[in-house]
Each structure stands twice: as C-alpha cells, then as structure tokens.
$ cat protein-v5.pdb   # PDB, C-alpha atoms
ATOM      1  CA  MET J   1     -35.561 -18.168 -16.537
ATOM      2  CA  LYS J   2     -32.897 -20.793 -17.307
ATOM      3  CA  TYR J   3     -30.395 -18.783 -15.266
ATOM      4  CA  PHE J   4     -32.649 -18.716 -12.211
ATOM      5  CA  LEU J   5     -33.416 -22.424 -12.533
ATOM      6  CA  LEU J   6     -29.695 -23.149 -12.678
ATOM      7  CA  ILE J   7     -28.977 -21.100  -9.575
ATOM      8  CA  TRP J   8     -31.958 -22.612  -7.718
ATOM      9  CA  SER J   9     -30.808 -26.113  -8.576
ATOM     10  CA  LEU J  10     -27.278 -25.319  -7.437
ATOM     11  CA  LEU J  11     -28.462 -23.872  -4.148
ATOM     12  CA  PHE J  12     -30.693 -26.875  -3.509
ATOM     13  CA  ALA J  13     -27.986 -29.370  -4.397
ATOM     14  CA  VAL J  14     -25.331 -27.722  -2.267
ATOM     15  CA  SER J  15     -27.756 -27.361   0.634
ATOM     16  CA  VAL J  16     -28.660 -31.044   0.591
ATOM     17  CA  PHE J  17     -25.090 -32.124   0.036
ATOM     18  CA  SER J  18     -23.503 -30.092   2.800
ATOM     19  CA  GLN J  19     -26.112 -29.624   5.498
ATOM     20  CA  ASP J  20     -24.471 -32.332   7.651
ATOM     21  CA  MET J  21     -20.875 -31.464   6.789
ATOM     22  CA  ASP J  22     -18.482 -30.365   9.488
ATOM     23  CA  ALA J  23     -15.709 -27.775   9.009
ATOM     24  CA  THR J  24     -13.165 -30.353   7.826
ATOM     25  CA  GLN J  25     -15.527 -31.765   5.231
ATOM     26  CA  ILE J  26     -16.506 -28.308   3.995
ATOM     27  CA  LYS J  27     -12.841 -27.363   3.672
ATOM     28  CA  LYS J  28     -12.145 -30.578   1.749
ATOM     29  CA  ARG J  29     -15.060 -29.957  -0.599
ATOM     30  CA  MET J  30     -13.902 -26.380  -1.325
ATOM     31  CA  SER J  31     -10.420 -27.693  -2.100
ATOM     32  CA  GLU J  32     -11.860 -30.312  -4.470
ATOM     33  CA  ILE J  33     -13.871 -27.667  -6.321
ATOM     34  CA  ARG J  34     -10.788 -25.475  -6.817
ATOM     35  CA  LYS J  35      -8.721 -28.390  -8.109
ATOM     36  CA  THR J  36     -11.291 -29.961 -10.433
ATOM     37  CA  THR J  37     -12.941 -26.888 -11.957
ATOM     38  CA  ASP J  38     -12.007 -25.795 -15.466
ATOM     39  CA  TRP J  39     -11.607 -22.090 -14.642
ATOM     40  CA  ASP J  40     -11.242 -21.228 -18.322
ATOM     41  CA  ASP J  41     -14.836 -22.360 -18.847
ATOM     42  CA  PRO J  42     -17.104 -19.417 -17.839
ATOM     43  CA  VAL J  43     -20.081 -21.670 -17.062
ATOM     44  CA  ALA J  44     -18.025 -24.071 -14.944
ATOM     45  CA  ALA J  45     -16.269 -21.195 -13.182
ATOM     46  CA  LYS J  46     -19.605 -19.509 -12.381
ATOM     47  CA  LYS J  47     -21.039 -22.724 -10.980
ATOM     48  CA  ALA J  48     -17.905 -23.355  -8.889
ATOM     49  CA  ASN J  49     -17.850 -19.810  -7.511
ATOM     50  CA  ASP J  50     -21.510 -20.047  -6.526
ATOM     51  CA  GLU J  51     -20.905 -23.295  -4.668
ATOM     52  CA  ILE J  52     -17.782 -21.949  -2.955
ATOM     53  CA  LYS J  53     -19.758 -18.916  -1.748
ATOM     54  CA  ILE J  54     -22.365 -21.147  -0.163
ATOM     55  CA  LEU J  55     -19.733 -23.392   1.410
ATOM     56  CA  SER J  56     -17.885 -20.329   2.731
ATOM     57  CA  LYS J  57     -20.992 -19.214   4.583
ATOM     58  CA  GLN J  58     -21.429 -22.687   6.026
ATOM     59  CA  LEU J  59     -17.774 -22.778   7.063
ATOM     60  CA  MET J  60     -18.156 -19.491   8.906
ATOM     61  CA  MET J  61     -21.160 -20.890  10.755
ATOM     62  CA  SER J  62     -19.674 -24.338  11.389
ATOM     63  CA  GLY J  63     -18.165 -23.407  14.739
ATOM     64  CA  LYS J  64     -21.330 -21.665  15.876
ATOM     65  CA  ASN J  65     -24.167 -23.943  14.765
ATOM     66  CA  GLN J  66     -24.036 -26.191  17.797
ATOM     67  CA  ASN J  67     -27.582 -26.924  18.961
ATOM     68  CA  PRO J  68     -28.785 -23.612  20.439
ATOM     69  CA  THR J  69     -29.881 -24.192  24.018
ATOM     70  CA  ASN J  70     -32.421 -21.407  24.289
ATOM     71  CA  GLU J  71     -34.259 -18.739  22.343
ATOM     72  CA  SER J  72     -31.450 -16.240  22.896
ATOM     73  CA  ASP J  73     -28.898 -18.555  21.260
ATOM     74  CA  SER J  74     -31.279 -19.219  18.390
ATOM     75  CA  LEU J  75     -31.770 -15.499  17.805
ATOM     76  CA  LYS J  76     -28.036 -14.860  17.889
ATOM     77  CA  LEU J  77     -27.504 -17.618  15.325
ATOM     78  CA  GLU J  78     -30.109 -16.110  13.009
ATOM     79  CA  LEU J  79     -28.502 -12.678  13.292
ATOM     80  CA  GLU J  80     -25.088 -14.110  12.469
ATOM     81  CA  LYS J  81     -26.580 -15.726   9.377
ATOM     82  CA  GLU J  82     -28.087 -12.400   8.327
ATOM     83  CA  GLY J  83     -24.679 -10.757   8.608
ATOM     84  CA  ILE J  84     -23.089 -13.349   6.358
ATOM     85  CA  GLU J  85     -25.929 -12.938   3.858
ATOM     86  CA  TYR J  86     -25.317  -9.181   3.830
ATOM     87  CA  LYS J  87     -21.640  -9.591   3.000
ATOM     88  CA  MET J  88     -22.457 -11.969   0.150
ATOM     89  CA  LYS J  89     -25.104  -9.544  -1.159
ATOM     90  CA  LEU J  90     -22.543  -6.746  -1.082
ATOM     91  CA  TRP J  91     -20.054  -8.869  -3.036
ATOM     92  CA  ASN J  92     -22.683  -9.699  -5.669
ATOM     93  CA  GLN J  93     -23.578  -6.009  -5.839
ATOM     94  CA  ILE J  94     -19.938  -5.084  -6.507
ATOM     95  CA  GLN J  95     -19.745  -7.640  -9.323
ATOM     96  CA  GLU J  96     -22.836  -6.157 -10.956
ATOM     97  CA  SER J  97     -21.387  -2.648 -10.571
ATOM     98  CA  ALA J  98     -18.296  -3.669 -12.504
ATOM     99  CA  LYS J  99     -20.517  -4.810 -15.374
ATOM    100  CA  LEU J 100     -22.791  -1.773 -15.468
ATOM    101  CA  GLY J 101     -20.122   0.916 -15.713
ATOM    102  CA  GLU J 102     -22.141   4.077 -16.226
ATOM    103  CA  ASN J 103     -24.894   2.946 -13.882
ATOM    104  CA  ALA J 104     -22.537   1.658 -11.209
ATOM    105  CA  ASP J 105     -23.084   4.600  -8.895
ATOM    106  CA  ILE J 106     -26.827   3.999  -8.958
ATOM    107  CA  LEU J 107     -26.376   0.351  -8.057
ATOM    108  CA  LEU J 108     -23.919   1.143  -5.282
ATOM    109  CA  GLY J 109     -26.451   3.483  -3.774
ATOM    110  CA  LYS J 110     -28.965   0.709  -3.203
ATOM    111  CA  PRO J 111     -30.060   0.768   0.455
ATOM    112  CA  ILE J 112     -29.137  -2.875   0.897
ATOM    113  CA  ARG J 113     -28.004  -2.259   4.471
ATOM    114  CA  GLU J 114     -31.528  -1.296   5.498
ATOM    115  CA  GLU J 115     -32.439  -4.961   5.297
ATOM    116  CA  ILE J 116     -30.318  -5.615   8.375
ATOM    117  CA  ILE J 117     -32.141  -5.097  11.653
ATOM    118  CA  GLU J 118     -30.895  -2.312  13.934
ATOM    119  CA  GLU J 119     -29.993  -4.670  16.776
ATOM    120  CA  PHE J 120     -27.396  -6.362  14.590
ATOM    121  CA  LYS J 121     -25.576  -3.283  13.323
ATOM    122  CA  GLU J 122     -23.278  -3.097  16.358
ATOM    123  CA  ASP J 123     -21.985  -6.628  15.786
ATOM    124  CA  GLU J 124     -21.368  -6.989  12.059
ATOM    125  CA  SER J 125     -17.652  -7.737  12.407
ATOM    126  CA  PRO J 126     -17.409 -11.309  13.764
ATOM    127  CA  LYS J 127     -15.528 -11.815  17.021
ATOM    128  CA  ASN J 128     -15.081 -15.577  16.952
ATOM    129  CA  ILE J 129     -13.949 -16.887  13.589
ATOM    130  CA  THR J 130     -12.820 -20.476  13.188
ATOM    131  CA  PRO J 131      -9.218 -21.151  12.047
ATOM    132  CA  GLU J 132     -10.642 -22.991   9.038
ATOM    133  CA  PHE J 133     -12.470 -19.858   7.941
ATOM    134  CA  PHE J 134      -9.251 -17.813   8.069
ATOM    135  CA  LYS J 135      -7.569 -20.401   5.850
ATOM    136  CA  GLU J 136     -10.337 -20.869   3.302
ATOM    137  CA  MET J 137     -12.070 -17.495   2.893
ATOM    138  CA  SER J 138     -11.212 -16.112  -0.540
ATOM    139  CA  VAL J 139     -13.354 -12.940  -0.473
ATOM    140  CA  LEU J 140     -12.959 -10.229   2.182
ATOM    141  CA  VAL J 141     -15.159  -7.126   2.408
ATOM    142  CA  ILE J 142     -13.970  -4.119   4.402
ATOM    143  CA  ASP J 143     -17.061  -1.923   4.728
ATOM    144  CA  MET J 144     -16.028   1.298   6.456
ATOM    145  CA  SER J 145     -19.649   2.172   7.228
ATOM    146  CA  ILE J 146     -19.884  -0.699   9.711
ATOM    147  CA  PRO J 147     -19.282   0.649  13.245
ATOM    148  CA  THR J 148     -17.137  -2.338  14.209
ATOM    149  CA  VAL J 149     -15.106  -2.538  10.986
ATOM    150  CA  GLN J 150     -11.831  -1.851  12.814
ATOM    151  CA  ARG J 151     -12.240  -5.204  14.503
ATOM    152  CA  THR J 152     -12.017  -6.858  11.088
ATOM    153  CA  ILE J 153      -9.100  -4.655   9.991
ATOM    154  CA  ASP J 154      -7.162  -5.584  13.147
ATOM    155  CA  ILE J 155      -7.239  -9.300  12.267
ATOM    156  CA  MET J 156      -6.698  -9.005   8.524
ATOM    157  CA  GLU J 157      -3.246 -10.630   8.723
ATOM    158  CA  ASN J 158      -4.868 -13.853   9.914
ATOM    159  CA  TYR J 159      -6.525 -14.459   6.542
ATOM    160  CA  LYS J 160      -4.415 -16.680   4.303
ATOM    161  CA  SER J 161      -6.306 -17.184   1.042
ATOM    162  CA  VAL J 162      -7.997 -13.897   0.180
ATOM    163  CA  LYS J 163      -8.024 -13.432  -3.583
ATOM    164  CA  THR J 164     -10.686 -10.718  -3.753
ATOM    165  CA  LEU J 165     -10.545  -7.676  -1.466
ATOM    166  CA  ILE J 166     -13.387  -5.144  -1.520
ATOM    167  CA  ILE J 167     -12.916  -1.855   0.336
ATOM    168  CA  THR J 168     -16.049   0.258   0.361
ATOM    169  CA  SER J 169     -17.645   3.111   2.260
ATOM    170  CA  GLY J 170     -21.099   1.587   1.931
ATOM    171  CA  LYS J 171     -23.817   3.988   0.853
ATOM    172  CA  TYR J 172     -22.083   7.299   1.652
ATOM    173  CA  PRO J 173     -18.423   8.432   1.281
ATOM    174  CA  ILE J 174     -16.383   8.132   4.466
ATOM    175  CA  ALA J 175     -12.727   8.547   5.450
ATOM    176  CA  VAL J 176     -10.481   5.513   5.026
ATOM    177  CA  ASN J 177      -6.842   4.638   5.691
ATOM    178  CA  LEU J 178      -6.085   2.635   2.553
ATOM    179  CA  GLN J 179      -2.406   2.392   3.370
ATOM    180  CA  GLU J 180      -3.147   0.590   6.640
ATOM    181  CA  ILE J 181      -5.610  -1.803   5.049
ATOM    182  CA  LEU J 182      -3.413  -2.659   2.060
ATOM    183  CA  ASN J 183      -0.343  -3.111   4.253
ATOM    184  CA  LYS J 184      -2.275  -5.611   6.359
ATOM    185  CA  ALA J 185      -3.215  -7.425   3.147
ATOM    186  CA  SER J 186       0.354  -7.528   1.846
ATOM    187  CA  ASN J 187       0.639 -11.328   2.086
ATOM    188  CA  TYR J 188      -2.666 -12.085   0.367
ATOM    189  CA  PRO J 189      -2.543 -13.963  -2.979
ATOM    190  CA  LEU J 190      -4.707 -11.096  -4.224
ATOM    191  CA  GLU J 191      -6.142 -11.250  -7.738
ATOM    192  CA  ASN J 192      -8.998  -8.733  -7.535
ATOM    193  CA  LEU J 193      -9.032  -5.404  -5.682
ATOM    194  CA  TYR J 194     -11.950  -2.972  -5.547
ATOM    195  CA  ILE J 195     -11.896   0.464  -3.869
ATOM    196  CA  ILE J 196     -15.402   1.863  -4.062
ATOM    197  CA  ASN J 197     -17.448   4.969  -3.276
ATOM    198  CA  PHE J 198     -15.029   7.066  -1.203
ATOM    199  CA  ASN J 199     -15.412  10.160  -3.369
ATOM    200  CA  HIS J 200     -13.049  12.964  -2.218
ATOM    201  CA  PHE J 201     -11.563  10.766   0.530
ATOM    202  CA  VAL J 202      -9.604   8.845  -2.124
ATOM    203  CA  THR J 203      -7.759  11.060  -4.607
ATOM    204  CA  LYS J 204      -5.106   8.644  -5.865
ATOM    205  CA  ILE J 205      -4.430   4.951  -6.315
ATOM    206  CA  PRO J 206      -2.270   3.894  -3.342
ATOM    207  CA  GLU J 207       1.274   2.815  -4.194
ATOM    208  CA  GLN J 208       0.730  -0.324  -2.067
ATOM    209  CA  VAL J 209      -1.379  -1.699  -4.926
ATOM    210  CA  THR J 210       1.799  -2.652  -6.783
ATOM    211  CA  GLN J 211       2.779  -5.144  -4.080
ATOM    212  CA  PHE J 212       0.119  -7.544  -5.330
ATOM    213  CA  THR J 213       2.028  -9.129  -8.195
ATOM    214  CA  LYS J 214      -0.819 -11.542  -9.054
ATOM    215  CA  LEU J 215      -3.401  -8.787  -9.408
ATOM    216  CA  SER J 216      -5.536  -9.216 -12.528
ATOM    217  CA  THR J 217      -8.440  -6.833 -11.780
ATOM    218  CA  LEU J 218      -8.341  -3.378 -10.225
ATOM    219  CA  GLY J 219     -11.536  -1.373  -9.798
ATOM    220  CA  VAL J 220     -11.583   2.118  -8.250
ATOM    221  CA  PHE J 221     -15.195   3.197  -8.706
ATOM    222  CA  ASN J 222     -16.640   6.566  -7.625
ATOM    223  CA  ASN J 223     -13.622   8.287  -6.101
ATOM    224  CA  LYS J 224     -11.735  11.493  -6.950
ATOM    225  CA  ILE J 225      -8.762   9.997  -8.788
ATOM    226  CA  SER J 226      -7.377  12.403 -11.376
ATOM    227  CA  ARG J 227      -4.488  10.404 -12.835
ATOM    228  CA  LEU J 228      -2.972   6.949 -13.152
ATOM    229  CA  PRO J 229       0.290   6.506 -11.216
ATOM    230  CA  GLN J 230       3.233   5.482 -13.381
ATOM    231  CA  ASN J 231       4.137   2.516 -11.153
ATOM    232  CA  ILE J 232       0.845   0.755 -11.842
ATOM    233  CA  ASN J 233       2.275  -0.481 -15.134
ATOM    234  CA  SER J 234       4.532  -2.777 -13.095
ATOM    235  CA  LEU J 235       1.483  -5.023 -12.597
ATOM    236  CA  LYS J 236       2.177  -7.187 -15.626
ATOM    237  CA  GLY J 237      -0.728  -9.534 -14.922
ATOM    238  CA  LEU J 238      -3.311  -6.743 -14.756
ATOM    239  CA  ASP J 239      -5.859  -7.360 -17.500
ATOM    240  CA  SER J 240      -8.906  -5.466 -16.207
ATOM    241  CA  LEU J 241      -8.851  -1.865 -15.009
ATOM    242  CA  PHE J 242     -11.984   0.042 -13.975
ATOM    243  CA  ILE J 243     -11.648   3.741 -13.122
ATOM    244  CA  ASP J 244     -15.297   4.592 -13.723
ATOM    245  CA  ILE J 245     -16.836   7.637 -12.017
ATOM    246  CA  ASN J 246     -13.558   9.481 -11.406
ATOM    247  CA  PRO J 247     -12.513  12.960 -12.622
ATOM    248  CA  ILE J 248      -9.584  11.576 -14.601
ATOM    249  CA  SER J 249      -8.951  13.331 -17.930
ATOM    250  CA  THR J 250      -6.036  11.362 -19.377
ATOM    251  CA  LEU J 251      -4.536   7.896 -18.983
ATOM    252  CA  PHE J 252      -1.268   8.800 -20.654
ATOM    253  CA  PRO J 253       1.618   8.206 -20.291
ATOM    254  CA  THR J 254       0.907   5.245 -17.969
ATOM    255  CA  ILE J 255      -1.408   3.463 -20.404
ATOM    256  CA  ASN J 256       1.435   3.220 -22.951
ATOM    257  CA  SER J 257       3.004   0.341 -21.001
ATOM    258  CA  MET J 258      -0.179  -1.542 -20.107
ATOM    259  CA  LYS J 259      -0.138  -3.828 -23.120
ATOM    260  CA  ASN J 260      -1.857  -6.741 -21.352
ATOM    261  CA  LEU J 261      -5.119  -4.940 -20.661
ATOM    262  CA  LYS J 262      -8.204  -6.737 -21.963
ATOM    263  CA  THR J 263     -10.860  -4.548 -20.322
ATOM    264  CA  LEU J 264     -10.737  -0.840 -19.505
ATOM    265  CA  GLY J 265     -13.682   0.859 -17.796
ATOM    266  CA  ILE J 266     -13.775   4.659 -18.090
ATOM    267  CA  ALA J 267     -17.492   5.455 -17.840
ATOM    268  CA  LYS J 268     -18.247   8.857 -16.317
ATOM    269  CA  THR J 269     -14.673  10.127 -16.550
ATOM    270  CA  SER J 270     -13.307  13.180 -18.379
ATOM    271  CA  VAL J 271     -11.314  11.165 -20.909
ATOM    272  CA  SER J 272     -11.929  12.721 -24.326
ATOM    273  CA  ASP J 273     -13.241  10.914 -27.402
ATOM    274  CA  ALA J 274      -9.958  11.676 -29.156
ATOM    275  CA  GLU J 275      -7.968   9.981 -26.393
ATOM    276  CA  ILE J 276     -10.317   6.991 -26.406
ATOM    277  CA  LYS J 277      -9.537   6.500 -30.109
ATOM    278  CA  LYS J 278      -5.803   6.665 -29.343
ATOM    279  CA  ILE J 279      -6.187   4.057 -26.606
ATOM    280  CA  GLN J 280      -8.156   1.774 -28.916
ATOM    281  CA  ALA J 281      -5.411   2.060 -31.510
ATOM    282  CA  LEU J 282      -2.714   1.461 -28.889
ATOM    283  CA  LEU J 283      -4.511  -1.508 -27.324
ATOM    284  CA  PRO J 284      -6.516  -3.142 -30.150
ATOM    285  CA  LYS J 285      -7.285  -6.239 -28.041
ATOM    286  CA  CYS J 286      -8.626  -4.214 -25.117
ATOM    287  CA  GLU J 287     -12.367  -3.594 -24.730
ATOM    288  CA  VAL J 288     -12.866   0.028 -23.708
ATOM    289  CA  LYS J 289     -16.127   0.421 -21.770
ATOM    290  CA  ILE J 290     -17.515   3.946 -21.836
ATOM    291  CA  LYS J 291     -21.076   3.129 -20.750
TER
END
$ encode --input "protein-v5.pdb" --output "structure tokens"
Amino acid sequence: MKYFLLIWSLLFAVSVFSQDMDATQIKKRMSEIRKTTDWDDPVAAKKANDEIKILSKQLMMSGKNQNPTNESDSLKLELEKEGIEYKMKLWNQIQESAKLGENADILLGKPIREEIIEEFKEDESPKNITPEFFKEMSVLVIDMSIPTVQRTIDIMENYKSVKTLIITSGKYPIAVNLQEILNKASNYPLENLYIINFNHFVTKIPEQVTQFTKLSTLGVFNNKISRLPQNINSLKGLDSLFIDINPISTLFPTINSMKNLKTLGIAKTSVSDAEIKKIQALLPKCEVKIK
C-alpha cells in the first residue's frame, strides 16, 4: 500500500508541476533530476526514474499538444498518448521480467498489446519527433511485432542519449536483424541491453554487443542461445547478465574472466547443479538466480 501511495503521490506531483511546461522547461527539469539525484540510493533512483519517465512522455507530446482544432485532431492526440503509454508499459514489463527469472516467459506473454485499439496499430512508430525528444530520450524500445517498426529503426542514429535499449518480438517470436539494429545504436551511451523473446531466430549473442563499453546489464531472455561468446568478457563494466530461458548448458570458459559480475540469471537453462556450484565458488560476490 505504501508503494502505491508513493507512486500516486509522485504522479500527482509531477503532473501538477509540469502540466504547463514547454519542451525547454521539461528538458531542463530532466537535466536537473539527473544531476541532483543520488543514484546510489535505490529509493532516490526509483523516484527519479519514475519522474523522468513521466517527463519523457510529456516531452514527446510537447510538439503535438497544440490546441486541437477539431474532433479529428483530438482523437489523434489521444491515440498518440496511448502509444506512448504502451511503450512505457512494455518497459515496465521488461523490468519485472528481469526480476522474475523463471516466470519471465509467462510475464512476457501478457497480451498487453490488445489494449491498443486496432486503428492505432498501423501508426505506432512516430513520424514527427521533436529534436528535444531525440536528445533526451534515455529508453528506446524496438518492438519487431509493430508493423511500422522499420520507421523507428531507420532513425535510430538520431537518438543521442539512449542508455537502455530493448529489442523484443512482442508476444510471438519473429525474425530480427540484430546486427543492423545494434550497428545503428553504436554511438549510444548504452548501459542496459535486452534482447527478448525471439526464440530460434536468435541463436547467439551478437558480437556488436561488445562495442558498448559502458554496458552494465545484458539480458537475453527466451532465445535459443547455446553458449556465451568469449569476447563478451571484454565488457569489464558488465555486472548483471541474464540468459534465462535459453538452451545453454555451460558458461565456461567465458565465465572465468567475468570477475565483476554481481548478478547472473540462469533460470530455465540447462546449466547443471554441479556447474552452478563451481560458478558460485568462482564468483563468491555474484548472486546466481536459478528461479
């Protein structure tokens, strides 16, 4: 109950504070939050992230919320808002999946997309994004199940501040060109990368992953990855690795060099109990999640 009251209060406060803010003011506020937040404090970081999410949605709408002149404009505005809400729901869903481990596949299968009306499905990739949004957006979702997703992929280089990139097939596995997507993201200050629910369409961790030298979290849920590539140990800042729901049977020899890992998710893999004990002995400060 306290958690929900906290979130409700935050939403109310941010709504009142920023309802009359223009794009410049929103951008300034987001910058202030990043500079003043104690990111080592989990409570403060959670509160800051929640506020940034809300401000990000407002920033995306700032160039579009200009006194609708008729019912058609009003309807279009509402549909755009629904699309932004969907992307934020998907991001929250991915975060919960990372926590649940063994139950992640169940959560990812939630029919969240059914909440979006049919008329909007052909226009889920925004055509007119403000320059401020490109500069400030820190989370980018590439959902391959969206019919117009290529439109988003084509402009990926325009984003400047993406720290979390989520690549997903949505509810059902679908083909994906990870090399193209990751190449387009090569200049991102990426810290978190999730590749989710592609099943047999993704059988290995792309080598392009190693170009993100600031990467701290890598999650490759529900694919068909059978081994860890040796070059992944070049990511010295990687402290969280989730390979849940993959047919991988051993993490050696790659895991030998990953001394900085703090969290390792291997739920629903083929890694043996004997190997898990070896990993725990090798990495005593790493939490190995098997459920």
$ atom_distance --input "protein-v5.pdb" --atom1 "CA of Asp41 (chain J)" --atom2 "CA of Thr210 (chain J)"
28.5 Å
$ atom_distance --input "protein-v5.pdb" --atom1 "CA of His200 (chain J)" --atom2 "CA of Phe212 (chain J)"
24.6 Å
$ closest_residue --input "protein-v5.pdb" --among "J:Ser169, J:Gln58, J:Thr254, J:Asn197" --to "Thr130 (chain J)" --atoms "all atoms listed in the file"
J:Gln58
$ atom_distance --input "protein-v5.pdb" --atom1 "CA of Thr213 (chain J)" --atom2 "CA of Leu235 (chain J)"
6.0 Å
$ resolve_selection --input "protein-v5.pdb" --expression "the PyMOL selection byres ((chain J and resi 278-287) around 7)" --output "PDB file with C-alpha atoms, in the frame of the given file"
ATOM      1  CA  LYS J 259      -0.138  -3.828 -23.120  1.00  0.00           C
ATOM      2  CA  LEU J 261      -5.119  -4.940 -20.661  1.00  0.00           C
ATOM      3  CA  LYS J 262      -8.204  -6.737 -21.963  1.00  0.00           C
ATOM      4  CA  THR J 263     -10.860  -4.548 -20.322  1.00  0.00           C
ATOM      5  CA  LEU J 264     -10.737  -0.840 -19.505  1.00  0.00           C
ATOM      6  CA  ALA J 274      -9.958  11.676 -29.156  1.00  0.00           C
ATOM      7  CA  GLU J 275      -7.968   9.981 -26.393  1.00  0.00           C
ATOM      8  CA  ILE J 276     -10.317   6.991 -26.406  1.00  0.00           C
ATOM      9  CA  LYS J 277      -9.537   6.500 -30.109  1.00  0.00           C
ATOM     10  CA  VAL J 288     -12.866   0.028 -23.708  1.00  0.00           C
ATOM     11  CA  LYS J 289     -16.127   0.421 -21.770  1.00  0.00           C
TER      12      LYS J 289
END
$ residues_around --input "protein-v5.pdb" --residues "region 191-194 of chain J" --least-positions-apart "5" --cutoff "6 Å" --atoms "all atoms listed in the file" --output "PyMOL selection string"
chain J and resi 163-166+214-220
$ residues_around --input "protein-v5.pdb" --residues "region 145-158 of chain J" --least-positions-apart "2" --cutoff "6 Å" --atoms "all atoms listed in the file" --output "ChimeraX atom specification"
/J:125,143,169-170,184
$ write_last_selection --input "protein-v5.pdb" --atoms "C-alpha atoms" --output "tab-separated table (two decimals), in the coordinates of the input"
chain	number	residue	atom	x	y	z
J	125	SER	CA	-17.65	-7.74	12.41
J	143	ASP	CA	-17.06	-1.92	4.73
J	169	SER	CA	-17.64	3.11	2.26
J	170	GLY	CA	-21.10	1.59	1.93
J	184	LYS	CA	-2.28	-5.61	6.36
